[in-house]
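Structure file upload-v6.txt (compact mmCIF, C-alpha atoms and all ligand atoms) follows.
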```
# COMPACT_ATOMS: atom_id res chain seq x y z
CA MET A 1 212.60 116.56 49.05
CA THR A 2 216.04 116.26 47.53
CA LEU A 3 216.97 116.85 43.94
CA LYS A 4 220.05 115.08 42.74
CA LEU A 5 221.81 115.09 39.40
CA GLU A 6 224.30 112.27 38.92
CA ASN A 7 226.88 112.51 36.14
CA VAL A 8 224.40 114.05 33.73
CA GLU A 9 225.44 114.28 30.09
CA VAL A 10 223.44 116.23 27.53
CA SER A 11 224.33 116.74 23.89
CA ILE A 12 222.65 119.08 21.46
CA GLN A 13 223.09 118.24 17.78
CA ALA A 14 225.94 115.88 18.70
CA ALA A 15 227.79 118.63 20.59
CA PRO A 16 228.38 117.78 24.27
CA ILE A 17 226.78 120.57 26.34
CA LEU A 18 226.71 119.05 29.85
CA ARG A 19 229.63 116.82 30.75
CA GLY A 20 229.12 114.76 33.89
CA VAL A 21 227.14 117.31 35.90
CA SER A 22 226.39 116.27 39.49
CA LEU A 23 224.63 118.46 42.02
CA GLU A 24 222.26 118.21 44.94
CA VAL A 25 219.64 120.60 46.32
CA GLY A 26 218.19 119.68 49.71
CA THR A 27 214.82 120.53 51.29
CA GLY A 28 214.48 124.26 51.79
CA GLU A 29 217.95 124.86 50.39
CA ARG A 30 218.78 127.75 48.10
CA MET A 31 221.53 126.72 45.76
CA GLY A 32 223.20 128.90 43.14
CA LEU A 33 224.35 127.74 39.73
CA VAL A 34 226.89 130.25 38.59
CA GLY A 35 228.73 130.45 35.30
CA ARG A 36 229.37 132.59 32.26
CA ASN A 37 226.96 132.85 29.35
CA GLY A 38 227.02 129.59 27.45
CA ALA A 39 228.42 127.59 30.38
CA GLY A 40 225.33 125.35 30.42
CA LYS A 41 223.13 126.78 33.19
CA THR A 42 219.94 126.87 31.14
CA THR A 43 220.60 123.35 29.90
CA VAL A 44 220.88 122.15 33.52
CA MET A 45 217.49 123.76 34.26
CA ARG A 46 215.93 122.23 31.16
CA THR A 47 217.32 118.81 32.11
CA ILE A 48 215.69 119.06 35.53
CA THR A 49 212.32 120.09 34.06
CA GLY A 50 212.53 117.33 31.45
CA LEU A 51 212.76 119.71 28.48
CA ALA A 52 216.28 118.51 27.60
CA THR A 53 217.12 114.83 27.16
CA LEU A 54 220.00 113.13 28.94
CA SER A 55 222.36 110.88 27.05
CA ALA A 56 223.84 109.55 30.30
CA GLY A 57 223.49 110.00 34.06
CA LYS A 58 220.41 110.38 36.22
CA VAL A 59 218.01 112.93 37.66
CA LEU A 60 216.71 111.77 41.04
CA TRP A 61 213.89 113.23 43.13
CA ASN A 62 213.81 111.87 46.66
CA GLY A 63 215.83 108.95 45.39
CA GLU A 64 213.40 108.15 42.57
CA ASP A 65 214.90 108.11 39.07
CA ILE A 66 212.87 110.63 37.06
CA SER A 67 215.33 110.93 34.16
CA THR A 68 212.73 109.93 31.56
CA MET A 69 209.65 111.43 33.23
CA PRO A 70 207.84 113.90 30.92
CA PRO A 71 207.86 117.62 31.92
CA ARG A 72 204.13 117.60 32.62
CA GLN A 73 204.49 114.93 35.27
CA ARG A 74 207.39 116.79 36.85
CA ALA A 75 205.15 119.85 37.16
CA GLN A 76 202.73 117.61 39.06
CA LEU A 77 205.58 116.69 41.42
CA GLY A 78 205.81 120.38 42.28
CA PHE A 79 208.56 121.57 39.95
CA GLY A 80 208.28 125.17 38.79
CA TYR A 81 210.50 126.83 36.19
CA MET A 82 211.09 130.49 35.49
CA PRO A 83 212.89 130.73 32.14
CA GLU A 84 215.43 133.47 31.57
CA ASP A 85 213.35 135.23 28.92
CA ARG A 86 210.17 135.25 31.10
CA ARG A 87 207.94 134.07 28.22
CA LEU A 88 204.90 136.05 29.30
CA VAL A 89 202.08 136.33 26.78
CA PRO A 90 201.91 140.11 26.15
CA ASP A 91 198.16 140.25 25.47
CA LEU A 92 197.15 138.22 28.50
CA THR A 93 196.72 139.82 31.92
CA VAL A 94 199.06 139.23 34.83
CA GLU A 95 196.62 136.77 36.38
CA GLU A 96 196.03 134.91 33.11
CA ASN A 97 199.78 134.59 32.58
CA MET A 98 200.18 133.13 36.05
CA LEU A 99 197.32 130.69 35.46
CA LEU A 100 198.85 129.33 32.23
CA PRO A 101 200.49 126.28 33.89
CA ALA A 102 197.12 125.34 35.39
CA TRP A 103 195.32 125.79 32.05
CA VAL A 104 197.67 123.37 30.30
CA ASN A 105 197.88 120.95 33.23
CA LYS A 106 194.56 120.19 34.84
CA ASP A 107 196.20 118.51 37.80
CA ILE A 108 197.53 121.86 38.97
CA ASP A 109 195.12 123.79 41.18
CA GLY A 110 195.35 127.30 39.73
CA GLN A 111 193.15 129.05 42.30
CA LYS A 112 195.03 127.56 45.22
CA GLY A 113 198.29 128.56 43.56
CA LEU A 114 197.06 132.10 42.94
CA ALA A 115 196.01 132.53 46.57
CA PHE A 116 199.49 131.44 47.65
CA VAL A 117 201.21 133.79 45.20
CA TYR A 118 199.05 136.83 46.07
CA ASP A 119 199.71 136.21 49.74
CA LEU A 120 203.45 136.05 49.08
CA MET A 121 203.55 138.99 46.64
CA PRO A 122 200.60 141.30 47.42
CA GLU A 123 201.87 143.77 44.79
CA LEU A 124 200.75 141.31 42.12
CA THR A 125 197.14 141.64 43.32
CA ASP A 126 197.16 145.31 42.36
CA MET A 127 198.33 144.57 38.83
CA SER A 128 196.40 141.32 38.31
CA SER A 129 194.17 142.66 35.51
CA ARG A 130 196.89 144.56 33.65
CA LYS A 131 198.20 143.20 30.40
CA ALA A 132 201.72 141.82 30.60
CA LEU A 133 202.90 144.12 27.80
CA LEU A 134 202.28 147.16 30.02
CA LEU A 135 204.69 146.00 32.74
CA SER A 136 208.33 146.93 33.26
CA GLY A 137 210.96 144.24 32.80
CA GLY A 138 211.30 143.85 36.57
CA GLN A 139 207.54 143.55 37.09
CA GLN A 140 207.45 140.91 34.37
CA LYS A 141 210.11 138.95 36.26
CA MET A 142 207.87 139.06 39.34
CA VAL A 143 204.94 137.74 37.34
CA ALA A 144 207.17 135.00 35.90
CA LEU A 145 208.21 134.12 39.46
CA GLY A 146 204.53 134.02 40.46
CA ARG A 147 203.76 131.74 37.53
CA ALA A 148 206.64 129.40 38.41
CA LEU A 149 205.20 129.17 41.93
CA ILE A 150 201.77 128.04 40.70
CA ALA A 151 203.27 124.61 39.97
CA GLY A 152 206.55 124.96 41.82
CA ARG A 153 205.62 124.24 45.39
CA LYS A 154 208.46 121.84 46.04
CA LEU A 155 211.28 122.81 43.67
CA LEU A 156 211.76 126.18 42.04
CA LEU A 157 214.17 126.63 39.13
CA LEU A 158 214.95 130.28 38.48
CA ASP A 159 217.02 131.23 35.45
CA GLU A 160 218.61 134.68 35.91
CA PRO A 161 215.80 136.09 38.10
CA PHE A 162 217.67 139.37 38.70
CA GLU A 163 218.98 140.06 35.21
CA GLY A 164 217.96 143.48 33.93
CA VAL A 165 215.93 144.22 37.08
CA ALA A 166 216.27 147.59 38.83
CA PRO A 167 217.90 147.31 42.30
CA ALA A 168 214.76 147.97 44.39
CA LEU A 169 212.78 145.30 42.59
CA ALA A 170 215.73 142.88 42.66
CA LYS A 171 215.83 143.30 46.43
CA ARG A 172 212.12 142.56 46.62
CA ILE A 173 212.47 139.44 44.44
CA SER A 174 215.34 138.32 46.65
CA GLU A 175 213.17 138.83 49.75
CA VAL A 176 210.34 136.78 48.25
CA ILE A 177 212.70 133.93 47.37
CA ALA A 178 214.20 134.00 50.88
CA SER A 179 210.73 133.74 52.46
CA LEU A 180 210.12 130.46 50.60
CA LYS A 181 212.39 128.65 53.02
CA GLU A 182 209.50 128.56 55.48
CA GLU A 183 207.52 126.59 52.90
CA GLY A 184 210.34 124.00 52.67
CA LEU A 185 210.78 124.86 49.00
CA SER A 186 214.10 124.00 47.38
CA VAL A 187 215.41 126.64 45.00
CA LEU A 188 218.05 126.52 42.27
CA ILE A 189 219.07 129.93 40.94
CA ALA A 190 221.12 130.23 37.74
CA GLN A 191 223.14 133.39 37.40
CA SER A 192 226.09 134.77 35.50
CA GLU A 193 226.98 137.02 38.41
CA LEU A 194 226.26 136.84 42.09
CA SER A 195 225.65 140.45 43.02
CA HIS A 196 222.03 140.19 44.15
CA SER A 197 222.02 136.89 45.90
CA LEU A 198 225.07 136.18 47.99
CA ASP A 199 223.09 136.58 51.19
CA LEU A 200 220.29 134.51 49.68
CA LEU A 201 222.24 131.38 48.84
CA GLN A 202 223.56 128.66 51.09
CA ARG A 203 225.80 127.07 48.47
CA GLU A 204 226.73 127.69 44.87
CA SER A 205 227.87 125.31 42.19
CA VAL A 206 230.19 126.86 39.64
CA ILE A 207 229.74 125.63 36.08
CA GLU A 208 232.26 126.07 33.30
CA ARG A 209 231.94 124.66 29.79
CA GLY A 210 229.35 122.12 30.86
CA GLU A 211 231.21 120.92 33.96
CA ILE A 212 230.74 121.73 37.64
CA ILE A 213 234.21 122.83 38.66
CA LYS A 214 233.51 123.53 42.33
CA VAL A 215 230.87 123.97 45.01
CA ASN A 216 231.23 126.92 47.38
CA VAL A 217 229.58 127.12 50.77
CA ILE A 218 228.54 130.73 51.30
CA ASP A 219 229.83 132.27 54.51
CA HIS A 220 227.00 134.49 55.74
CA SER A 221 229.00 135.91 58.61
CA LEU A 222 230.92 137.96 56.02
CA ALA A 223 227.73 139.49 54.62
CA GLU A 224 226.40 140.18 58.13
CA ALA A 225 229.63 141.85 59.19
CA THR A 226 229.50 144.44 56.39
N1 LIG B 1 219.28 124.52 20.89
C1 LIG B 1 220.62 124.63 20.87
N2 LIG B 1 221.30 124.38 19.72
C2 LIG B 1 222.65 124.47 19.70
N3 LIG B 1 223.41 124.80 20.75
C3 LIG B 1 222.79 125.07 21.89
C4 LIG B 1 221.37 125.00 22.03
N4 LIG B 1 221.04 125.32 23.30
C5 LIG B 1 222.20 125.57 23.92
N5 LIG B 1 223.25 125.44 23.09
C6 LIG B 1 224.66 125.64 23.44
O1 LIG B 1 224.90 125.00 24.67
C7 LIG B 1 225.80 125.76 25.47
C8 LIG B 1 225.18 126.00 26.83
O2 LIG B 1 224.03 126.82 26.70
P1 LIG B 1 223.13 127.27 27.92
O3 LIG B 1 222.02 128.11 27.38
O4 LIG B 1 222.78 126.09 28.72
O5 LIG B 1 224.15 128.19 28.74
P2 LIG B 1 223.89 129.25 29.88
O6 LIG B 1 224.96 129.06 30.85
O7 LIG B 1 222.49 129.16 30.35
O8 LIG B 1 224.11 130.61 29.14
P3 LIG B 1 223.08 131.78 28.84
O9 LIG B 1 222.91 132.50 30.12
O10 LIG B 1 223.77 132.54 27.78
O11 LIG B 1 221.82 131.11 28.37
C9 LIG B 1 226.09 127.02 24.70
O12 LIG B 1 227.34 126.88 24.08
C10 LIG B 1 224.99 127.09 23.67
O13 LIG B 1 225.45 127.71 22.50
```

Please rewrite the model in this file as structure tokens.
Ligand SMILES: Nc1ncnc2c1ncn2[C@@H]1O[C@H](COP(=O)(O)OP(=O)(O)OP(=O)(O)O)[C@@H](O)[C@H]1O
Amino acid sequence: MTLKLENVEVSIQAAPILRGVSLEVGTGERMGLVGRNGAGKTTVMRTITGLATLSAGKVLWNGEDISTMPPRQRAQLGFGYMPEDRRLVPDLTVEENMLLPAWVNKDIDGQKGLAFVYDLMPELTDMSSRKALLLSGGQQKMVALGRALIAGRKLLLLDEPFEGVAPALAKRISEVIASLKEEGLSVLIAQSELSHSLDLLQRESVIERGEIIKVNVIDHSLAEAT
């Protein structure tokens, strides 16, 4: 289950936003996408989900060109997306928010997804009937992660999952993401800083003004030594 971007170009209102972006995320790999605000991280995520349109290049999934596949079909392939701003519906409960992808896409098995998510994050079971508006920012991120996992059983795209989250909860989110390796899930994590996830990632692509300027392999022996 490999995701590959080949020389992807995306323009918004004639302004070039992504300029020849190439990257690869392998099965069970956790890859970072690191860059300053405005570097193009969210646009990369939206290109992978099909929400942004390429003007050149390709998005490949297991070698198949999915560049023009609609977002709905990509969700059926097992792509899940957690947007930076969470986009929870305040008046819906935690469980209803997580079931949203299954309500709009009948091919997604919501109950099966919920069982998986509750098993992975038992703390969500306790808050399942609470309205989203009553949750802290960090708890909302957890719910957004749960919702992304309802569809995202093969590829998970997480946009700033640790931003604005208190350290204890950030550690928990990091733990949950790390445990997904056993499921063979590939994860791409966009971040403007690395603080919470160095030990989580295997590689990171650095993006600057719409271009990948380098790919770093993370040396875990350094983290283990400290
Ligand atoms: N709908 C839009 N209309 C105009 N410009 C846009 C639009 N969406 C993104 N951009 C521009 O594209 C560039 C990349 O934005 P993008 O959101 O992908 O960056 P980012 O790295 O995710 O940063 P952030 O974390 O601030 O969202 C920015 O310069 C932004 O202003």

### Message
Need to verify the contact set: Arg209 (chain A), 10 Å, all atoms listed in the file, exclusion of same-chain residues closer than 4 positions in sequence. Can you return it as a list of chain:residue names?
### Response
A:Pro16, A:Ile17, A:Leu18, A:Arg19, A:Gly35, A:Arg36, A:Asn37, A:Gly38, A:Ala39, A:Gly40, A:Lys41, A:Ile213

### Message
If the limit is 10 Å from any atom of ligand LIG 1 (chain B), counting only C-alpha atoms and all ligand atoms, which residues qualify? Return them as JSON, numbers by chain.
### Response
{"A": [10, 11, 12, 13, 14, 15, 16, 17, 18, 33, 34, 35, 36, 37, 38, 39, 40, 41, 42, 43, 44, 45, 46, 47, 52, 83, 84, 85, 159, 160, 163, 190, 191, 192, 207, 208, 209, 210]}

### Task
Quick one: pull the distance between CA of Lys131 (chain A) and CA of Leu145 (chain A), Å, one decimal.
16.3 Å

### Query
Which residue gives the smallest distance to Asp126 (chain A) among A:Asn216, A:Gln73, A:Asn105, A:Thr93, with all atoms listed in the file counted?
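Ranking A:Asn216, A:Gln73, A:Asn105, A:Thr93 by distance to Asp126 (chain A), first place goes to A:Thr93.
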
### Residue nearest Arg153 (chain A) - candidates A:Glu123, A:Glu9, A:Glu175, A:Asp109, atoms counted: all atoms listed in the file
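Once distances to Arg153 (chain A) are computed over all atoms listed in the file, the minimum belongs to A:Asp109.
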
Near-Leu188 (chain A) list (10 Å; all atoms listed in the file; drop same-chain fewer than 5 positions) as a compact mmCIF listing (two decimals) with C-alpha atoms, keeping the file's coordinate frame:
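After the write, result09.txt holds the following:
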```txt
# COMPACT_ATOMS: atom_id res chain seq x y z
CA LEU A 3 216.97 116.85 43.94
CA GLU A 24 222.26 118.21 44.94
CA VAL A 25 219.64 120.60 46.32
CA GLU A 29 217.95 124.86 50.39
CA ARG A 30 218.78 127.75 48.10
CA MET A 31 221.53 126.72 45.76
CA GLY A 32 223.20 128.90 43.14
CA LEU A 33 224.35 127.74 39.73
CA MET A 45 217.49 123.76 34.26
CA TYR A 81 210.50 126.83 36.19
CA LEU A 155 211.28 122.81 43.67
CA LEU A 156 211.76 126.18 42.04
CA LEU A 157 214.17 126.63 39.13
CA LEU A 158 214.95 130.28 38.48
CA ASP A 159 217.02 131.23 35.45
CA LEU A 201 222.24 131.38 48.84
CA ARG A 203 225.80 127.07 48.47
CA GLU A 204 226.73 127.69 44.87
CA SER A 205 227.87 125.31 42.19
```

### Message
Ranking A:Val215, A:Val89, A:Leu169, A:Ala178 by minimum distance to Leu120 (chain A) and counting all atoms listed in the file, which one comes first?
### Response
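So, comparing all the options, the nearest one is A:Ala178.
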
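The coordinates place CA of Lys154 (chain A) at 21.9 Å from CA of Thr53 (chain A).
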
### Query
Separation of CA of Arg147 (chain A) and CA of Glu95 (chain A), in Å?
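Separation between CA of Arg147 (chain A) and CA of Glu95 (chain A): 8.8 Å.
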
#### Entry: Test item: residues at most 12 Å from Ser179 (chain A), only C-alpha atoms, excluding those fewer than 5 positions along its chain, as a PyMOL selection string
chain A and resi 28-30+117+119-121+172-174+184-187+200

### Query
Looking at A:Gly78, A:Gly26, A:Gly20, A:Pro161, which one is nearest to Ala144 (chain A), with distances taken over only C-alpha atoms?
A:Pro161

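Of the listed residues A:Ser136, A:Ser67, A:Thr49, A:Asn62, the one whose atoms come nearest to Val8 (chain A) is A:Ser67, with distances taken using only C-alpha atoms.
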
### Task
Around the point (194.1, 139.6, 36.1) in the file's coordinates, collect all residues with an atom within 7 Å, using all atoms listed in the file, and return them as a ChimeraX atom specification.
/A:93-96,128-130

Kindly add N, CA and C atoms to the incomplete region 42-78 of chain A and provide the output as a JSON list (two decimals), in the coordinates of the input.
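out-v7.json written:
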```
[["chain", "number", "residue", "atom", "x", "y", "z"],
["A", 42, "THR", "N", 221.31, 127.09, 31.62],
["A", 42, "THR", "CA", 219.94, 126.87, 31.14],
["A", 42, "THR", "C", 219.72, 125.40, 30.80],
["A", 43, "THR", "N", 220.74, 124.77, 30.26],
["A", 43, "THR", "CA", 220.60, 123.35, 29.90],
["A", 43, "THR", "C", 220.43, 122.50, 31.16],
["A", 44, "VAL", "N", 221.09, 122.87, 32.25],
["A", 44, "VAL", "CA", 220.88, 122.15, 33.52],
["A", 44, "VAL", "C", 219.41, 122.29, 33.94],
["A", 45, "MET", "N", 218.89, 123.52, 33.88],
["A", 45, "MET", "CA", 217.49, 123.76, 34.26],
["A", 45, "MET", "C", 216.53, 122.94, 33.39],
["A", 46, "ARG", "N", 216.80, 122.94, 32.10],
["A", 46, "ARG", "CA", 215.93, 122.23, 31.16],
["A", 46, "ARG", "C", 216.01, 120.71, 31.37],
["A", 47, "THR", "N", 217.17, 120.25, 31.83],
["A", 47, "THR", "CA", 217.32, 118.81, 32.11],
["A", 47, "THR", "C", 216.48, 118.44, 33.34],
["A", 48, "ILE", "N", 216.46, 119.35, 34.31],
["A", 48, "ILE", "CA", 215.69, 119.06, 35.53],
["A", 48, "ILE", "C", 214.18, 119.08, 35.24],
["A", 49, "THR", "N", 213.76, 120.02, 34.37],
["A", 49, "THR", "CA", 212.32, 120.09, 34.06],
["A", 49, "THR", "C", 211.89, 119.00, 33.07],
["A", 50, "GLY", "N", 212.87, 118.38, 32.42],
["A", 50, "GLY", "CA", 212.53, 117.33, 31.45],
["A", 50, "GLY", "C", 212.46, 117.86, 30.02],
["A", 51, "LEU", "N", 212.83, 119.13, 29.82],
["A", 51, "LEU", "CA", 212.76, 119.71, 28.48],
["A", 51, "LEU", "C", 214.00, 119.35, 27.65],
["A", 52, "ALA", "N", 215.09, 118.98, 28.32],
["A", 52, "ALA", "CA", 216.28, 118.51, 27.60],
["A", 52, "ALA", "C", 216.48, 117.04, 27.94],
["A", 53, "THR", "N", 216.99, 116.29, 26.98],
["A", 53, "THR", "CA", 217.12, 114.83, 27.16],
["A", 53, "THR", "C", 218.55, 114.45, 27.51],
["A", 54, "LEU", "N", 218.66, 113.60, 28.52],
["A", 54, "LEU", "CA", 220.00, 113.13, 28.94],
["A", 54, "LEU", "C", 220.50, 112.04, 28.01],
["A", 55, "SER", "N", 221.80, 112.03, 27.76],
["A", 55, "SER", "CA", 222.36, 110.88, 27.05],
["A", 55, "SER", "C", 223.01, 109.92, 28.04],
["A", 56, "ALA", "N", 223.32, 110.42, 29.24],
["A", 56, "ALA", "CA", 223.84, 109.55, 30.30],
["A", 56, "ALA", "C", 223.60, 110.24, 31.64],
["A", 57, "GLY", "N", 223.69, 109.45, 32.72],
["A", 57, "GLY", "CA", 223.49, 110.00, 34.06],
["A", 57, "GLY", "C", 222.04, 109.90, 34.50],
["A", 58, "LYS", "N", 221.75, 110.51, 35.64],
["A", 58, "LYS", "CA", 220.41, 110.38, 36.22],
["A", 58, "LYS", "C", 219.95, 111.68, 36.86],
["A", 59, "VAL", "N", 218.63, 111.89, 36.84],
["A", 59, "VAL", "CA", 218.01, 112.93, 37.66],
["A", 59, "VAL", "C", 217.17, 112.19, 38.70],
["A", 60, "LEU", "N", 217.43, 112.45, 39.96],
["A", 60, "LEU", "CA", 216.71, 111.77, 41.04],
["A", 60, "LEU", "C", 215.93, 112.78, 41.88],
["A", 61, "TRP", "N", 214.71, 112.41, 42.24],
["A", 61, "TRP", "CA", 213.89, 113.23, 43.13],
["A", 61, "TRP", "C", 213.50, 112.36, 44.31],
["A", 62, "ASN", "N", 213.99, 112.72, 45.47],
["A", 62, "ASN", "CA", 213.81, 111.87, 46.66],
["A", 62, "ASN", "C", 214.22, 110.44, 46.40],
["A", 63, "GLY", "N", 215.29, 110.29, 45.65],
["A", 63, "GLY", "CA", 215.83, 108.95, 45.39],
["A", 63, "GLY", "C", 215.18, 108.25, 44.21],
["A", 64, "GLU", "N", 214.07, 108.80, 43.70],
["A", 64, "GLU", "CA", 213.40, 108.15, 42.57],
["A", 64, "GLU", "C", 214.02, 108.65, 41.26],
["A", 65, "ASP", "N", 214.31, 107.73, 40.36],
["A", 65, "ASP", "CA", 214.90, 108.11, 39.07],
["A", 65, "ASP", "C", 213.80, 108.68, 38.17],
["A", 66, "ILE", "N", 213.89, 110.00, 37.90],
["A", 66, "ILE", "CA", 212.87, 110.63, 37.06],
["A", 66, "ILE", "C", 213.46, 111.06, 35.71],
["A", 67, "SER", "N", 214.60, 110.49, 35.36],
["A", 67, "SER", "CA", 215.33, 110.93, 34.16],
["A", 67, "SER", "C", 214.48, 110.92, 32.89],
["A", 68, "THR", "N", 213.52, 110.00, 32.79],
["A", 68, "THR", "CA", 212.73, 109.93, 31.56],
["A", 68, "THR", "C", 211.29, 110.41, 31.78],
["A", 69, "MET", "N", 211.02, 110.96, 32.95],
["A", 69, "MET", "CA", 209.65, 111.43, 33.23],
["A", 69, "MET", "C", 209.34, 112.69, 32.40],
["A", 70, "PRO", "N", 208.17, 112.73, 31.73],
["A", 70, "PRO", "CA", 207.84, 113.90, 30.92],
["A", 70, "PRO", "C", 207.66, 115.17, 31.78],
["A", 71, "PRO", "N", 207.93, 116.35, 31.19],
["A", 71, "PRO", "CA", 207.86, 117.62, 31.92],
["A", 71, "PRO", "C", 206.54, 117.81, 32.67],
["A", 72, "ARG", "N", 205.46, 117.43, 32.05],
["A", 72, "ARG", "CA", 204.13, 117.60, 32.62],
["A", 72, "ARG", "C", 203.99, 116.89, 33.97],
["A", 73, "GLN", "N", 204.55, 115.69, 34.02],
["A", 73, "GLN", "CA", 204.49, 114.93, 35.27],
["A", 73, "GLN", "C", 205.40, 115.55, 36.34],
["A", 74, "ARG", "N", 206.49, 116.14, 35.88],
["A", 74, "ARG", "CA", 207.39, 116.79, 36.85],
["A", 74, "ARG", "C", 206.71, 118.02, 37.44],
["A", 75, "ALA", "N", 205.90, 118.70, 36.64],
["A", 75, "ALA", "CA", 205.15, 119.85, 37.16],
["A", 75, "ALA", "C", 204.20, 119.36, 38.26],
["A", 76, "GLN", "N", 203.63, 118.17, 38.03],
["A", 76, "GLN", "CA", 202.73, 117.61, 39.06],
["A", 76, "GLN", "C", 203.47, 117.25, 40.34],
["A", 77, "LEU", "N", 204.78, 116.97, 40.21],
["A", 77, "LEU", "CA", 205.58, 116.69, 41.42],
["A", 77, "LEU", "C", 205.82, 117.95, 42.23],
["A", 78, "GLY", "N", 205.58, 119.11, 41.58],
["A", 78, "GLY", "CA", 205.81, 120.38, 42.28],
["A", 78, "GLY", "C", 207.03, 121.13, 41.79]]
```
